[in-house]
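Structure below is start-v3.cif: mmCIF, N, CA and C atoms.
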```cif
data_upload
#
loop_
_atom_site.label_atom_id
_atom_site.label_comp_id
_atom_site.auth_asym_id
_atom_site.auth_seq_id
_atom_site.Cartn_x
_atom_site.Cartn_y
_atom_site.Cartn_z
N SER D 1 85.52 92.76 108.67
CA SER D 1 84.32 92.01 109.00
C SER D 1 83.20 92.36 108.03
N ALA D 2 82.23 91.52 107.96
CA ALA D 2 81.10 91.75 107.04
C ALA D 2 80.34 93.01 107.43
N ARG D 3 80.23 93.26 108.73
CA ARG D 3 79.50 94.44 109.20
C ARG D 3 80.18 95.73 108.76
N SER D 4 81.51 95.80 108.91
CA SER D 4 82.20 97.04 108.53
C SER D 4 82.17 97.23 107.02
N ILE D 5 82.29 96.13 106.25
CA ILE D 5 82.20 96.25 104.80
C ILE D 5 80.82 96.75 104.41
N HIS D 6 79.76 96.20 105.01
CA HIS D 6 78.40 96.61 104.71
C HIS D 6 78.23 98.10 105.00
N SER D 7 78.75 98.57 106.12
CA SER D 7 78.63 99.98 106.47
C SER D 7 79.35 100.86 105.48
N MET D 8 80.54 100.43 105.02
CA MET D 8 81.28 101.23 104.06
C MET D 8 80.55 101.28 102.72
N ARG D 9 79.96 100.18 102.31
CA ARG D 9 79.25 100.17 101.04
C ARG D 9 78.04 101.08 101.07
N ARG D 10 77.46 101.26 102.21
CA ARG D 10 76.29 102.14 102.32
C ARG D 10 76.72 103.59 102.43
N GLY D 11 78.03 103.87 102.40
CA GLY D 11 78.51 105.25 102.38
C GLY D 11 78.57 105.90 103.75
N ARG D 12 78.50 105.14 104.78
CA ARG D 12 78.57 105.71 106.13
C ARG D 12 80.02 105.90 106.55
N ARG D 13 80.20 106.74 107.54
CA ARG D 13 81.52 106.92 108.11
C ARG D 13 81.94 105.57 108.68
N PHE D 14 83.21 105.31 108.70
CA PHE D 14 83.70 104.00 109.11
C PHE D 14 83.35 103.73 110.56
N CYS D 15 82.47 102.76 110.78
CA CYS D 15 82.08 102.43 112.14
C CYS D 15 83.06 101.45 112.75
N SER D 16 83.88 100.82 111.92
CA SER D 16 84.82 99.85 112.44
C SER D 16 86.19 100.50 112.62
N THR D 17 86.48 100.90 113.82
CA THR D 17 87.81 101.46 114.08
C THR D 17 88.85 100.35 113.99
N ALA D 18 88.44 99.10 114.19
CA ALA D 18 89.38 97.98 114.08
C ALA D 18 89.89 97.86 112.65
N ALA D 19 89.01 97.99 111.66
CA ALA D 19 89.42 97.89 110.26
C ALA D 19 90.35 99.05 109.90
N THR D 20 90.02 100.24 110.37
CA THR D 20 90.85 101.41 110.10
C THR D 20 92.21 101.27 110.77
N SER D 21 92.22 100.84 112.01
CA SER D 21 93.49 100.65 112.74
C SER D 21 94.35 99.59 112.07
N ARG D 22 93.71 98.53 111.61
CA ARG D 22 94.44 97.45 110.93
C ARG D 22 95.08 97.98 109.64
N LEU D 23 94.35 98.81 108.89
CA LEU D 23 94.88 99.38 107.66
C LEU D 23 96.06 100.31 107.96
N VAL D 24 95.91 101.16 108.94
CA VAL D 24 96.99 102.08 109.33
C VAL D 24 98.23 101.29 109.73
N SER D 25 98.03 100.21 110.45
CA SER D 25 99.15 99.37 110.87
C SER D 25 99.86 98.74 109.67
N LYS D 26 99.08 98.32 108.68
CA LYS D 26 99.67 97.69 107.49
C LYS D 26 100.42 98.68 106.61
N ILE D 27 99.85 99.87 106.39
CA ILE D 27 100.46 100.81 105.45
C ILE D 27 101.47 101.75 106.12
N GLY D 28 101.44 101.83 107.44
CA GLY D 28 102.41 102.66 108.14
C GLY D 28 102.20 104.15 107.98
N ARG D 29 100.99 104.55 107.64
CA ARG D 29 100.64 105.96 107.46
C ARG D 29 99.21 106.18 107.93
N PRO D 30 98.85 107.42 108.25
CA PRO D 30 97.46 107.68 108.61
C PRO D 30 96.56 107.54 107.38
N THR D 31 95.31 107.23 107.59
CA THR D 31 94.39 107.06 106.47
C THR D 31 94.22 108.36 105.68
N SER D 32 94.48 109.49 106.29
CA SER D 32 94.36 110.77 105.58
C SER D 32 95.30 110.83 104.38
N ALA D 33 96.40 110.07 104.41
CA ALA D 33 97.34 110.05 103.28
C ALA D 33 96.65 109.53 102.02
N LEU D 34 95.68 108.63 102.17
CA LEU D 34 94.98 108.06 101.02
C LEU D 34 94.10 109.09 100.32
N SER D 35 93.65 110.08 101.04
CA SER D 35 92.78 111.08 100.43
C SER D 35 93.50 112.39 100.11
N THR D 36 94.82 112.45 100.34
CA THR D 36 95.53 113.70 100.07
C THR D 36 96.78 113.56 99.20
N GLU D 37 97.47 112.44 99.24
CA GLU D 37 98.75 112.31 98.52
C GLU D 37 98.54 111.98 97.04
N ARG D 38 99.40 112.51 96.19
CA ARG D 38 99.31 112.26 94.75
C ARG D 38 99.82 110.87 94.37
N SER D 39 100.80 110.37 95.09
CA SER D 39 101.35 109.04 94.83
C SER D 39 101.01 108.12 96.00
N LEU D 40 100.34 107.02 95.68
CA LEU D 40 99.99 106.03 96.70
C LEU D 40 100.80 104.75 96.47
N ASP D 41 102.05 104.93 96.07
CA ASP D 41 102.92 103.80 95.82
C ASP D 41 103.34 103.11 97.11
N PHE D 42 103.07 103.70 98.25
CA PHE D 42 103.38 103.10 99.53
C PHE D 42 102.46 101.92 99.87
N LEU D 43 101.47 101.63 99.01
CA LEU D 43 100.55 100.50 99.25
C LEU D 43 101.13 99.18 98.73
N ARG D 44 102.30 99.22 98.13
CA ARG D 44 102.93 98.04 97.55
C ARG D 44 103.33 97.03 98.64
N ALA D 45 102.93 95.76 98.41
CA ALA D 45 103.35 94.63 99.25
C ALA D 45 103.13 94.88 100.75
N LYS D 46 101.94 95.28 101.11
CA LYS D 46 101.60 95.54 102.52
C LYS D 46 100.69 94.47 103.11
N GLY D 47 100.41 93.41 102.37
CA GLY D 47 99.53 92.37 102.88
C GLY D 47 98.06 92.78 102.89
N LEU D 48 97.69 93.65 101.98
CA LEU D 48 96.31 94.14 101.91
C LEU D 48 95.39 93.05 101.36
N ASP D 49 94.23 92.89 101.99
CA ASP D 49 93.24 91.94 101.50
C ASP D 49 92.06 92.70 100.91
N ALA D 50 91.04 91.98 100.47
CA ALA D 50 89.89 92.62 99.81
C ALA D 50 89.19 93.62 100.73
N GLU D 51 89.08 93.32 102.01
CA GLU D 51 88.44 94.26 102.94
C GLU D 51 89.27 95.53 103.07
N ASP D 52 90.59 95.39 103.13
CA ASP D 52 91.46 96.57 103.18
C ASP D 52 91.27 97.43 101.93
N LEU D 53 91.19 96.76 100.77
CA LEU D 53 91.04 97.49 99.51
C LEU D 53 89.72 98.23 99.44
N LEU D 54 88.69 97.68 100.05
CA LEU D 54 87.40 98.38 100.09
C LEU D 54 87.53 99.68 100.88
N LEU D 55 88.21 99.63 102.00
CA LEU D 55 88.45 100.82 102.81
C LEU D 55 89.34 101.81 102.05
N VAL D 56 90.39 101.31 101.41
CA VAL D 56 91.27 102.16 100.61
C VAL D 56 90.47 102.86 99.52
N SER D 57 89.62 102.11 98.81
CA SER D 57 88.88 102.72 97.70
C SER D 57 87.92 103.80 98.19
N THR D 58 87.32 103.59 99.34
CA THR D 58 86.42 104.59 99.90
C THR D 58 87.16 105.89 100.20
N LEU D 59 88.37 105.77 100.71
CA LEU D 59 89.16 106.96 101.04
C LEU D 59 89.76 107.61 99.79
N VAL D 60 90.23 106.81 98.84
CA VAL D 60 90.85 107.35 97.64
C VAL D 60 89.83 108.06 96.76
N LYS D 61 88.58 107.66 96.82
CA LYS D 61 87.55 108.31 96.00
C LYS D 61 87.44 109.80 96.30
N THR D 62 87.89 110.23 97.47
CA THR D 62 87.85 111.65 97.83
C THR D 62 89.13 112.38 97.42
N ASN D 63 90.07 111.65 96.81
CA ASN D 63 91.35 112.22 96.43
C ASN D 63 91.37 112.50 94.93
N ALA D 64 90.92 113.67 94.53
CA ALA D 64 90.84 114.01 93.10
C ALA D 64 92.21 114.17 92.47
N GLY D 65 93.26 114.31 93.25
CA GLY D 65 94.60 114.55 92.71
C GLY D 65 95.50 113.33 92.62
N VAL D 66 95.02 112.15 92.99
CA VAL D 66 95.89 110.96 92.96
C VAL D 66 96.29 110.65 91.52
N GLU D 67 97.60 110.47 91.32
CA GLU D 67 98.15 110.22 89.98
C GLU D 67 98.73 108.83 89.81
N SER D 68 99.20 108.23 90.89
CA SER D 68 99.88 106.94 90.80
C SER D 68 99.51 106.07 92.00
N ILE D 69 99.19 104.80 91.71
CA ILE D 69 98.88 103.85 92.77
C ILE D 69 99.62 102.55 92.48
N ASP D 70 100.34 102.05 93.47
CA ASP D 70 101.02 100.77 93.35
C ASP D 70 100.51 99.86 94.46
N VAL D 71 99.68 98.90 94.09
CA VAL D 71 99.15 97.92 95.05
C VAL D 71 99.70 96.53 94.72
N SER D 72 100.81 96.48 94.00
CA SER D 72 101.38 95.20 93.60
C SER D 72 101.84 94.40 94.82
N GLY D 73 101.82 93.08 94.65
CA GLY D 73 102.34 92.19 95.67
C GLY D 73 101.50 92.02 96.91
N ASN D 74 100.22 92.32 96.84
CA ASN D 74 99.35 92.16 98.00
C ASN D 74 98.55 90.86 97.98
N GLY D 75 98.23 90.34 96.81
CA GLY D 75 97.51 89.07 96.70
C GLY D 75 96.07 89.11 97.14
N PHE D 76 95.39 90.23 97.01
CA PHE D 76 94.02 90.40 97.51
C PHE D 76 92.96 89.70 96.68
N GLY D 77 93.26 89.29 95.47
CA GLY D 77 92.33 88.51 94.66
C GLY D 77 91.23 89.32 94.01
N ALA D 78 90.24 88.59 93.49
CA ALA D 78 89.14 89.19 92.73
C ALA D 78 88.33 90.18 93.56
N GLY D 79 88.16 89.92 94.84
CA GLY D 79 87.41 90.83 95.71
C GLY D 79 88.03 92.22 95.76
N GLY D 80 89.34 92.29 95.73
CA GLY D 80 90.02 93.58 95.72
C GLY D 80 89.94 94.27 94.38
N ALA D 81 89.80 93.49 93.32
CA ALA D 81 89.71 94.07 91.97
C ALA D 81 88.50 94.98 91.84
N GLU D 82 87.39 94.62 92.46
CA GLU D 82 86.19 95.48 92.42
C GLU D 82 86.51 96.86 92.99
N SER D 83 87.27 96.90 94.06
CA SER D 83 87.65 98.18 94.67
C SER D 83 88.57 98.97 93.76
N LEU D 84 89.49 98.28 93.07
CA LEU D 84 90.37 98.97 92.14
C LEU D 84 89.59 99.57 90.97
N VAL D 85 88.60 98.85 90.49
CA VAL D 85 87.74 99.38 89.42
C VAL D 85 87.07 100.67 89.90
N ALA D 86 86.57 100.68 91.13
CA ALA D 86 85.93 101.87 91.68
C ALA D 86 86.91 103.04 91.77
N ILE D 87 88.16 102.74 92.15
CA ILE D 87 89.18 103.79 92.23
C ILE D 87 89.46 104.37 90.84
N VAL D 88 89.65 103.50 89.86
CA VAL D 88 89.94 103.96 88.50
C VAL D 88 88.81 104.83 87.98
N ARG D 89 87.60 104.43 88.22
CA ARG D 89 86.45 105.19 87.72
C ARG D 89 86.27 106.54 88.41
N SER D 90 86.77 106.66 89.64
CA SER D 90 86.54 107.91 90.39
C SER D 90 87.78 108.79 90.50
N SER D 91 88.85 108.45 89.79
CA SER D 91 90.11 109.20 89.91
C SER D 91 90.50 109.83 88.57
N PRO D 92 90.08 111.06 88.33
CA PRO D 92 90.30 111.69 87.03
C PRO D 92 91.76 111.96 86.68
N GLN D 93 92.65 112.03 87.65
CA GLN D 93 94.06 112.31 87.41
C GLN D 93 94.93 111.06 87.42
N LEU D 94 94.36 109.91 87.72
CA LEU D 94 95.14 108.67 87.85
C LEU D 94 95.73 108.27 86.50
N SER D 95 97.05 108.25 86.42
CA SER D 95 97.70 107.90 85.16
C SER D 95 98.47 106.59 85.23
N LYS D 96 98.77 106.09 86.44
CA LYS D 96 99.55 104.87 86.58
C LYS D 96 98.96 104.00 87.69
N LEU D 97 98.72 102.73 87.36
CA LEU D 97 98.24 101.76 88.33
C LEU D 97 99.02 100.47 88.17
N ASP D 98 99.65 100.03 89.24
CA ASP D 98 100.35 98.74 89.24
C ASP D 98 99.56 97.79 90.13
N ALA D 99 98.92 96.81 89.50
CA ALA D 99 98.11 95.81 90.21
C ALA D 99 98.71 94.42 90.03
N SER D 100 100.02 94.35 89.80
CA SER D 100 100.71 93.08 89.59
C SER D 100 100.70 92.23 90.85
N GLN D 101 100.79 90.93 90.67
CA GLN D 101 100.94 89.96 91.77
C GLN D 101 99.83 90.05 92.81
N ASN D 102 98.58 90.01 92.33
CA ASN D 102 97.45 90.08 93.25
C ASN D 102 96.41 88.99 93.04
N ASN D 103 96.71 88.01 92.20
CA ASN D 103 95.80 86.90 91.96
C ASN D 103 94.44 87.38 91.45
N LEU D 104 94.47 88.31 90.52
CA LEU D 104 93.24 88.91 89.99
C LEU D 104 92.43 87.93 89.14
N ARG D 105 93.09 87.02 88.47
CA ARG D 105 92.46 86.03 87.60
C ARG D 105 91.53 86.71 86.59
N ALA D 106 90.33 86.23 86.41
CA ALA D 106 89.40 86.75 85.40
C ALA D 106 88.98 88.20 85.67
N SER D 107 89.03 88.65 86.91
CA SER D 107 88.62 90.02 87.22
C SER D 107 89.58 91.05 86.62
N ALA D 108 90.73 90.61 86.13
CA ALA D 108 91.66 91.51 85.46
C ALA D 108 90.99 92.17 84.26
N ALA D 109 90.10 91.45 83.59
CA ALA D 109 89.40 92.01 82.42
C ALA D 109 88.52 93.19 82.83
N LEU D 110 87.89 93.12 83.99
CA LEU D 110 87.07 94.24 84.47
C LEU D 110 87.93 95.46 84.75
N LEU D 111 89.09 95.23 85.31
CA LEU D 111 90.01 96.33 85.60
C LEU D 111 90.52 96.96 84.31
N ALA D 112 90.85 96.13 83.34
CA ALA D 112 91.32 96.65 82.05
C ALA D 112 90.22 97.45 81.36
N GLU D 113 88.99 96.99 81.43
CA GLU D 113 87.87 97.71 80.82
C GLU D 113 87.69 99.08 81.47
N ALA D 114 87.76 99.13 82.80
CA ALA D 114 87.65 100.41 83.51
C ALA D 114 88.81 101.32 83.13
N ALA D 115 90.00 100.76 83.03
CA ALA D 115 91.19 101.54 82.66
C ALA D 115 91.06 102.13 81.27
N ALA D 116 90.45 101.38 80.38
CA ALA D 116 90.30 101.84 79.00
C ALA D 116 89.42 103.07 78.89
N HIS D 117 88.56 103.28 79.86
CA HIS D 117 87.64 104.42 79.83
C HIS D 117 88.01 105.50 80.83
N GLY D 118 89.19 105.41 81.41
CA GLY D 118 89.63 106.39 82.39
C GLY D 118 90.84 107.16 81.90
N SER D 119 91.57 107.74 82.83
CA SER D 119 92.72 108.58 82.50
C SER D 119 94.04 107.83 82.54
N LEU D 120 94.02 106.53 82.81
CA LEU D 120 95.25 105.75 82.93
C LEU D 120 96.07 105.76 81.64
N ARG D 121 97.39 105.84 81.84
CA ARG D 121 98.34 105.72 80.73
C ARG D 121 99.17 104.45 80.89
N SER D 122 99.23 103.92 82.11
CA SER D 122 100.02 102.71 82.38
C SER D 122 99.27 101.83 83.36
N LEU D 123 99.07 100.58 82.96
CA LEU D 123 98.41 99.58 83.80
C LEU D 123 99.27 98.34 83.82
N ALA D 124 99.81 97.99 84.99
CA ALA D 124 100.62 96.78 85.14
C ALA D 124 99.78 95.72 85.84
N MET D 125 99.71 94.52 85.21
CA MET D 125 98.92 93.42 85.78
C MET D 125 99.66 92.09 85.66
N SER D 126 100.98 92.10 85.71
CA SER D 126 101.73 90.86 85.56
C SER D 126 101.54 89.95 86.77
N ALA D 127 101.76 88.66 86.56
CA ALA D 127 101.72 87.65 87.62
C ALA D 127 100.38 87.64 88.37
N ASN D 128 99.29 87.55 87.61
CA ASN D 128 97.96 87.53 88.21
C ASN D 128 97.13 86.30 87.85
N ALA D 129 97.74 85.29 87.29
CA ALA D 129 97.03 84.06 86.91
C ALA D 129 95.81 84.37 86.04
N ILE D 130 96.03 85.24 85.06
CA ILE D 130 94.95 85.64 84.15
C ILE D 130 94.81 84.57 83.08
N GLY D 131 93.64 84.01 82.96
CA GLY D 131 93.40 82.99 81.95
C GLY D 131 93.34 83.58 80.56
N ALA D 132 93.27 82.69 79.57
CA ALA D 132 93.29 83.11 78.16
C ALA D 132 92.14 84.04 77.81
N SER D 133 90.93 83.73 78.24
CA SER D 133 89.79 84.57 77.86
C SER D 133 89.86 85.94 78.54
N ALA D 134 90.28 85.99 79.80
CA ALA D 134 90.42 87.29 80.49
C ALA D 134 91.56 88.09 79.88
N CYS D 135 92.60 87.41 79.46
CA CYS D 135 93.73 88.08 78.82
C CYS D 135 93.28 88.71 77.50
N THR D 136 92.55 87.95 76.71
CA THR D 136 92.05 88.45 75.44
C THR D 136 91.12 89.64 75.65
N ALA D 137 90.21 89.52 76.61
CA ALA D 137 89.28 90.62 76.90
C ALA D 137 90.03 91.86 77.37
N SER D 138 91.07 91.68 78.17
CA SER D 138 91.87 92.81 78.66
C SER D 138 92.57 93.52 77.51
N VAL D 139 93.19 92.74 76.64
CA VAL D 139 93.91 93.33 75.51
C VAL D 139 92.94 94.05 74.58
N GLU D 140 91.79 93.46 74.32
CA GLU D 140 90.81 94.10 73.44
C GLU D 140 90.30 95.41 74.03
N ALA D 141 90.03 95.43 75.34
CA ALA D 141 89.56 96.65 75.99
C ALA D 141 90.60 97.75 75.91
N LEU D 142 91.85 97.40 76.17
CA LEU D 142 92.91 98.39 76.15
C LEU D 142 93.26 98.83 74.72
N ALA D 143 93.16 97.92 73.79
CA ALA D 143 93.43 98.27 72.40
C ALA D 143 92.42 99.28 71.87
N ALA D 144 91.22 99.21 72.39
CA ALA D 144 90.16 100.13 71.96
C ALA D 144 90.40 101.55 72.50
N ALA D 145 91.20 101.66 73.54
CA ALA D 145 91.49 102.97 74.15
C ALA D 145 92.85 103.46 73.67
N ALA D 146 92.88 104.56 73.05
CA ALA D 146 94.15 105.12 72.57
C ALA D 146 95.02 105.55 73.73
N GLY D 147 96.28 105.14 73.70
CA GLY D 147 97.24 105.65 74.66
C GLY D 147 97.41 104.86 75.94
N VAL D 148 96.69 103.77 76.15
CA VAL D 148 96.86 103.01 77.38
C VAL D 148 97.85 101.89 77.12
N GLY D 149 98.88 101.81 77.93
CA GLY D 149 99.87 100.75 77.80
C GLY D 149 99.69 99.70 78.86
N LEU D 150 99.78 98.44 78.47
CA LEU D 150 99.66 97.33 79.41
C LEU D 150 101.03 96.77 79.66
N ALA D 151 101.41 96.72 80.94
CA ALA D 151 102.72 96.18 81.30
C ALA D 151 102.58 94.83 81.97
#
```
Translate the structure of the given file into structure tokens.
Amino acid sequence: SARSIHSMRRGRRFCSTAATSRLVSKIGRPTSALSTERSLDFLRAKGLDAEDLLLVSTLVKTNAGVESIDVSGNGFGAGGAESLVAIVRSSPQLSKLDASQNNLRASAALLAEAAAHGSLRSLAMSANAIGASACTASVEALAAAAGVGLA
């Protein structure tokens, strides 16, 4: 809901237990896993939407040891991409991100730019309906960063 998203953006503890319960139901794990586990590949194809990704990003920001995240196959769109950018920027150990099949479109360029300035070594963004200009911007951002591979 808009209210729970607003509360999360202001940095407050999650006032919406419904949003948290919905996320736990989708991922099949307690939310504490998002702030403690090194691999968050269990987020793949869970039907996560942009609101779910906002909650995920808030929790993952406290996980300094996360190394791998697979959110492929969720279809959350551009709204979820903003949350992924926040995760990339706040995760110093993150080396692998799979954001394939999420309908990122032009927002893929923002994710690639954030990846170029972070610790990522592998960024997968296939099947995202990325247009020509976003594709060019993504490749240019990643080409400027040594060692980042685009899959």
Considering only C-alpha atoms, tabulate each residue of region 10-129 of chain D that lies at most 8 Å from region 133-137 of chain D along with its nearest interatomic pair and the corresponding distance in Å to one decimal; arrange the rows by chain and ascending residue number and present them as a Markdown table.
```
| residue | atom | partner | partner_atom | distance |
| --- | --- | --- | --- | --- |
| D:Arg105 | CA | D:Ala134 | CA | 7.5 |
| D:Ala106 | CA | D:Ala134 | CA | 5.0 |
| D:Ser107 | CA | D:Ala134 | CA | 7.5 |
| D:Ala108 | CA | D:Ala134 | CA | 6.6 |
| D:Ala109 | CA | D:Ala134 | CA | 5.2 |
```
Quiz prompt | Backbone-only DSSP, alpha helix (DSSP H) members of region 5-149 of chain D, as an MDAnalysis selection string | solution = chainID D and resid 5:9 17:27 50:60 77:90 108:116 132:144
Quiz item: Can you tell me, as an MDAnalysis selection string, what residues are no more than 7 Å from Gln93 (chain D) when counting only N, CA and C atoms, ignoring any on the same chain fewer than 5 positions away?
Solution: chainID D and resid 64:68 119:120
Test item: the PyMOL selection byres ((chain D and resi 113) around 8) resolved as a short mmCIF file (atom, residue, chain, number, x, y, z; two decimals) with N, CA and C atoms, keeping the file's coordinate frame:
```cif
data_model
loop_
_atom_site.label_atom_id
_atom_site.label_comp_id
_atom_site.auth_asym_id
_atom_site.auth_seq_id
_atom_site.Cartn_x
_atom_site.Cartn_y
_atom_site.Cartn_z
N VAL D 85 88.60 98.85 90.49
CA VAL D 85 87.74 99.38 89.42
C VAL D 85 87.07 100.67 89.90
N SER D 107 89.03 88.65 86.91
CA SER D 107 88.62 90.02 87.22
C SER D 107 89.58 91.05 86.62
N ALA D 108 90.73 90.61 86.13
CA ALA D 108 91.66 91.51 85.46
C ALA D 108 90.99 92.17 84.26
N ALA D 109 90.10 91.45 83.59
CA ALA D 109 89.40 92.01 82.42
C ALA D 109 88.52 93.19 82.83
N LEU D 110 87.89 93.12 83.99
CA LEU D 110 87.07 94.24 84.47
C LEU D 110 87.93 95.46 84.75
N LEU D 111 89.09 95.23 85.31
CA LEU D 111 90.01 96.33 85.60
C LEU D 111 90.52 96.96 84.31
N ALA D 112 90.85 96.13 83.34
CA ALA D 112 91.32 96.65 82.05
C ALA D 112 90.22 97.45 81.36
N ALA D 114 87.76 99.13 82.80
CA ALA D 114 87.65 100.41 83.51
C ALA D 114 88.81 101.32 83.13
N ALA D 115 90.00 100.76 83.03
CA ALA D 115 91.19 101.54 82.66
C ALA D 115 91.06 102.13 81.27
N ALA D 116 90.45 101.38 80.38
CA ALA D 116 90.30 101.84 79.00
C ALA D 116 89.42 103.07 78.89
N HIS D 117 88.56 103.28 79.86
CA HIS D 117 87.64 104.42 79.83
C HIS D 117 88.01 105.50 80.83
N GLY D 118 89.19 105.41 81.41
CA GLY D 118 89.63 106.39 82.39
C GLY D 118 90.84 107.16 81.90
N ALA D 137 90.21 89.52 76.61
CA ALA D 137 89.28 90.62 76.90
C ALA D 137 90.03 91.86 77.37
N SER D 138 91.07 91.68 78.17
CA SER D 138 91.87 92.81 78.66
C SER D 138 92.57 93.52 77.51
N VAL D 139 93.19 92.74 76.64
CA VAL D 139 93.91 93.33 75.51
C VAL D 139 92.94 94.05 74.58
N GLU D 140 91.79 93.46 74.32
CA GLU D 140 90.81 94.10 73.44
C GLU D 140 90.30 95.41 74.03
N ALA D 141 90.03 95.43 75.34
CA ALA D 141 89.56 96.65 75.99
C ALA D 141 90.60 97.75 75.91
N LEU D 142 91.85 97.40 76.17
CA LEU D 142 92.91 98.39 76.15
C LEU D 142 93.26 98.83 74.72
#
```
Run the PyMOL selection byres ((chain D and resi 44-55) around 7) against the file shown and list the residues it catches, as a JSON list (two decimals) with N, CA and C atoms, in the coordinates of the input.
```json
[["chain", "number", "residue", "atom", "x", "y", "z"],
["D", 1, "SER", "N", 85.52, 92.76, 108.67],
["D", 1, "SER", "CA", 84.32, 92.01, 109.00],
["D", 1, "SER", "C", 83.20, 92.36, 108.03],
["D", 5, "ILE", "N", 82.29, 96.13, 106.25],
["D", 5, "ILE", "CA", 82.20, 96.25, 104.80],
["D", 5, "ILE", "C", 80.82, 96.75, 104.41],
["D", 23, "LEU", "N", 94.35, 98.81, 108.89],
["D", 23, "LEU", "CA", 94.88, 99.38, 107.66],
["D", 23, "LEU", "C", 96.06, 100.31, 107.96],
["D", 26, "LYS", "N", 99.08, 98.32, 108.68],
["D", 26, "LYS", "CA", 99.67, 97.69, 107.49],
["D", 26, "LYS", "C", 100.42, 98.68, 106.61],
["D", 27, "ILE", "N", 99.85, 99.87, 106.39],
["D", 27, "ILE", "CA", 100.46, 100.81, 105.45],
["D", 27, "ILE", "C", 101.47, 101.75, 106.12],
["D", 40, "LEU", "N", 100.34, 107.02, 95.68],
["D", 40, "LEU", "CA", 99.99, 106.03, 96.70],
["D", 40, "LEU", "C", 100.80, 104.75, 96.47],
["D", 41, "ASP", "N", 102.05, 104.93, 96.07],
["D", 41, "ASP", "CA", 102.92, 103.80, 95.82],
["D", 41, "ASP", "C", 103.34, 103.11, 97.11],
["D", 42, "PHE", "N", 103.07, 103.70, 98.25],
["D", 42, "PHE", "CA", 103.38, 103.10, 99.53],
["D", 42, "PHE", "C", 102.46, 101.92, 99.87],
["D", 43, "LEU", "N", 101.47, 101.63, 99.01],
["D", 43, "LEU", "CA", 100.55, 100.50, 99.25],
["D", 43, "LEU", "C", 101.13, 99.18, 98.73],
["D", 56, "VAL", "N", 90.39, 101.31, 101.41],
["D", 56, "VAL", "CA", 91.27, 102.16, 100.61],
["D", 56, "VAL", "C", 90.47, 102.86, 99.52],
["D", 57, "SER", "N", 89.62, 102.11, 98.81],
["D", 57, "SER", "CA", 88.88, 102.72, 97.70],
["D", 57, "SER", "C", 87.92, 103.80, 98.19],
["D", 58, "THR", "N", 87.32, 103.59, 99.34],
["D", 58, "THR", "CA", 86.42, 104.59, 99.90],
["D", 58, "THR", "C", 87.16, 105.89, 100.20],
["D", 59, "LEU", "N", 88.37, 105.77, 100.71],
["D", 59, "LEU", "CA", 89.16, 106.96, 101.04],
["D", 59, "LEU", "C", 89.76, 107.61, 99.79],
["D", 60, "VAL", "N", 90.23, 106.81, 98.84],
["D", 60, "VAL", "CA", 90.85, 107.35, 97.64],
["D", 60, "VAL", "C", 89.83, 108.06, 96.76],
["D", 70, "ASP", "N", 100.34, 102.05, 93.47],
["D", 70, "ASP", "CA", 101.02, 100.77, 93.35],
["D", 70, "ASP", "C", 100.51, 99.86, 94.46],
["D", 71, "VAL", "N", 99.68, 98.90, 94.09],
["D", 71, "VAL", "CA", 99.15, 97.92, 95.05],
["D", 71, "VAL", "C", 99.70, 96.53, 94.72],
["D", 72, "SER", "N", 100.81, 96.48, 94.00],
["D", 72, "SER", "CA", 101.38, 95.20, 93.60],
["D", 72, "SER", "C", 101.84, 94.40, 94.82],
["D", 73, "GLY", "N", 101.82, 93.08, 94.65],
["D", 73, "GLY", "CA", 102.34, 92.19, 95.67],
["D", 73, "GLY", "C", 101.50, 92.02, 96.91],
["D", 74, "ASN", "N", 100.22, 92.32, 96.84],
["D", 74, "ASN", "CA", 99.35, 92.16, 98.00],
["D", 74, "ASN", "C", 98.55, 90.86, 97.98],
["D", 75, "GLY", "N", 98.23, 90.34, 96.81],
["D", 75, "GLY", "CA", 97.51, 89.07, 96.70],
["D", 75, "GLY", "C", 96.07, 89.11, 97.14],
["D", 76, "PHE", "N", 95.39, 90.23, 97.01],
["D", 76, "PHE", "CA", 94.02, 90.40, 97.51],
["D", 76, "PHE", "C", 92.96, 89.70, 96.68],
["D", 77, "GLY", "N", 93.26, 89.29, 95.47],
["D", 77, "GLY", "CA", 92.33, 88.51, 94.66],
["D", 77, "GLY", "C", 91.23, 89.32, 94.01],
["D", 78, "ALA", "N", 90.24, 88.59, 93.49],
["D", 78, "ALA", "CA", 89.14, 89.19, 92.73],
["D", 78, "ALA", "C", 88.33, 90.18, 93.56],
["D", 79, "GLY", "N", 88.16, 89.92, 94.84],
["D", 79, "GLY", "CA", 87.41, 90.83, 95.71],
["D", 79, "GLY", "C", 88.03, 92.22, 95.76],
["D", 80, "GLY", "N", 89.34, 92.29, 95.73],
["D", 80, "GLY", "CA", 90.02, 93.58, 95.72],
["D", 80, "GLY", "C", 89.94, 94.27, 94.38],
["D", 81, "ALA", "N", 89.80, 93.49, 93.32],
["D", 81, "ALA", "CA", 89.71, 94.07, 91.97],
["D", 81, "ALA", "C", 88.50, 94.98, 91.84],
["D", 83, "SER", "N", 87.27, 96.90, 94.06],
["D", 83, "SER", "CA", 87.65, 98.18, 94.67],
["D", 83, "SER", "C", 88.57, 98.97, 93.76],
["D", 84, "LEU", "N", 89.49, 98.28, 93.07],
["D", 84, "LEU", "CA", 90.37, 98.97, 92.14],
["D", 84, "LEU", "C", 89.59, 99.57, 90.97]]
```
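Across D:Ala99, D:Ala144, D:Ile87, D:Leu104, the tightest approach to Met125 (chain D) is made by D:Ala99 when counting only C-alpha atoms.
Computed from the coordinates, the CA of Asp98 (chain D) to CA of Ala129 (chain D) distance equals 15.2 Å.
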Exercise. Please identify which residues in chain D DSSP calls strand (DSSP E) from the backbone, and express them as an NGL selection string.
Key: :D and (39-40 or 68-70 or 96-98 or 122-124 or 149-150)
Practice problem: Extract, using all atoms listed in the file, all DNA, RNA and protein residues at most 7 Å from Asn63 (chain D), discarding same-chain residues fewer than 3 positions from it, and format them as JSON, numbers by chain. | Solution: {"D": [34, 35, 36, 37, 59, 60, 66, 90, 91, 92]}
Quiz item: If you count only N, CA and C atoms, which residues fall within 7 Å of Ala127 (chain D), apart from same-chain ones fewer than 4 positions away, as an MDAnalysis selection string?
Solution: chainID D and resid 100:104
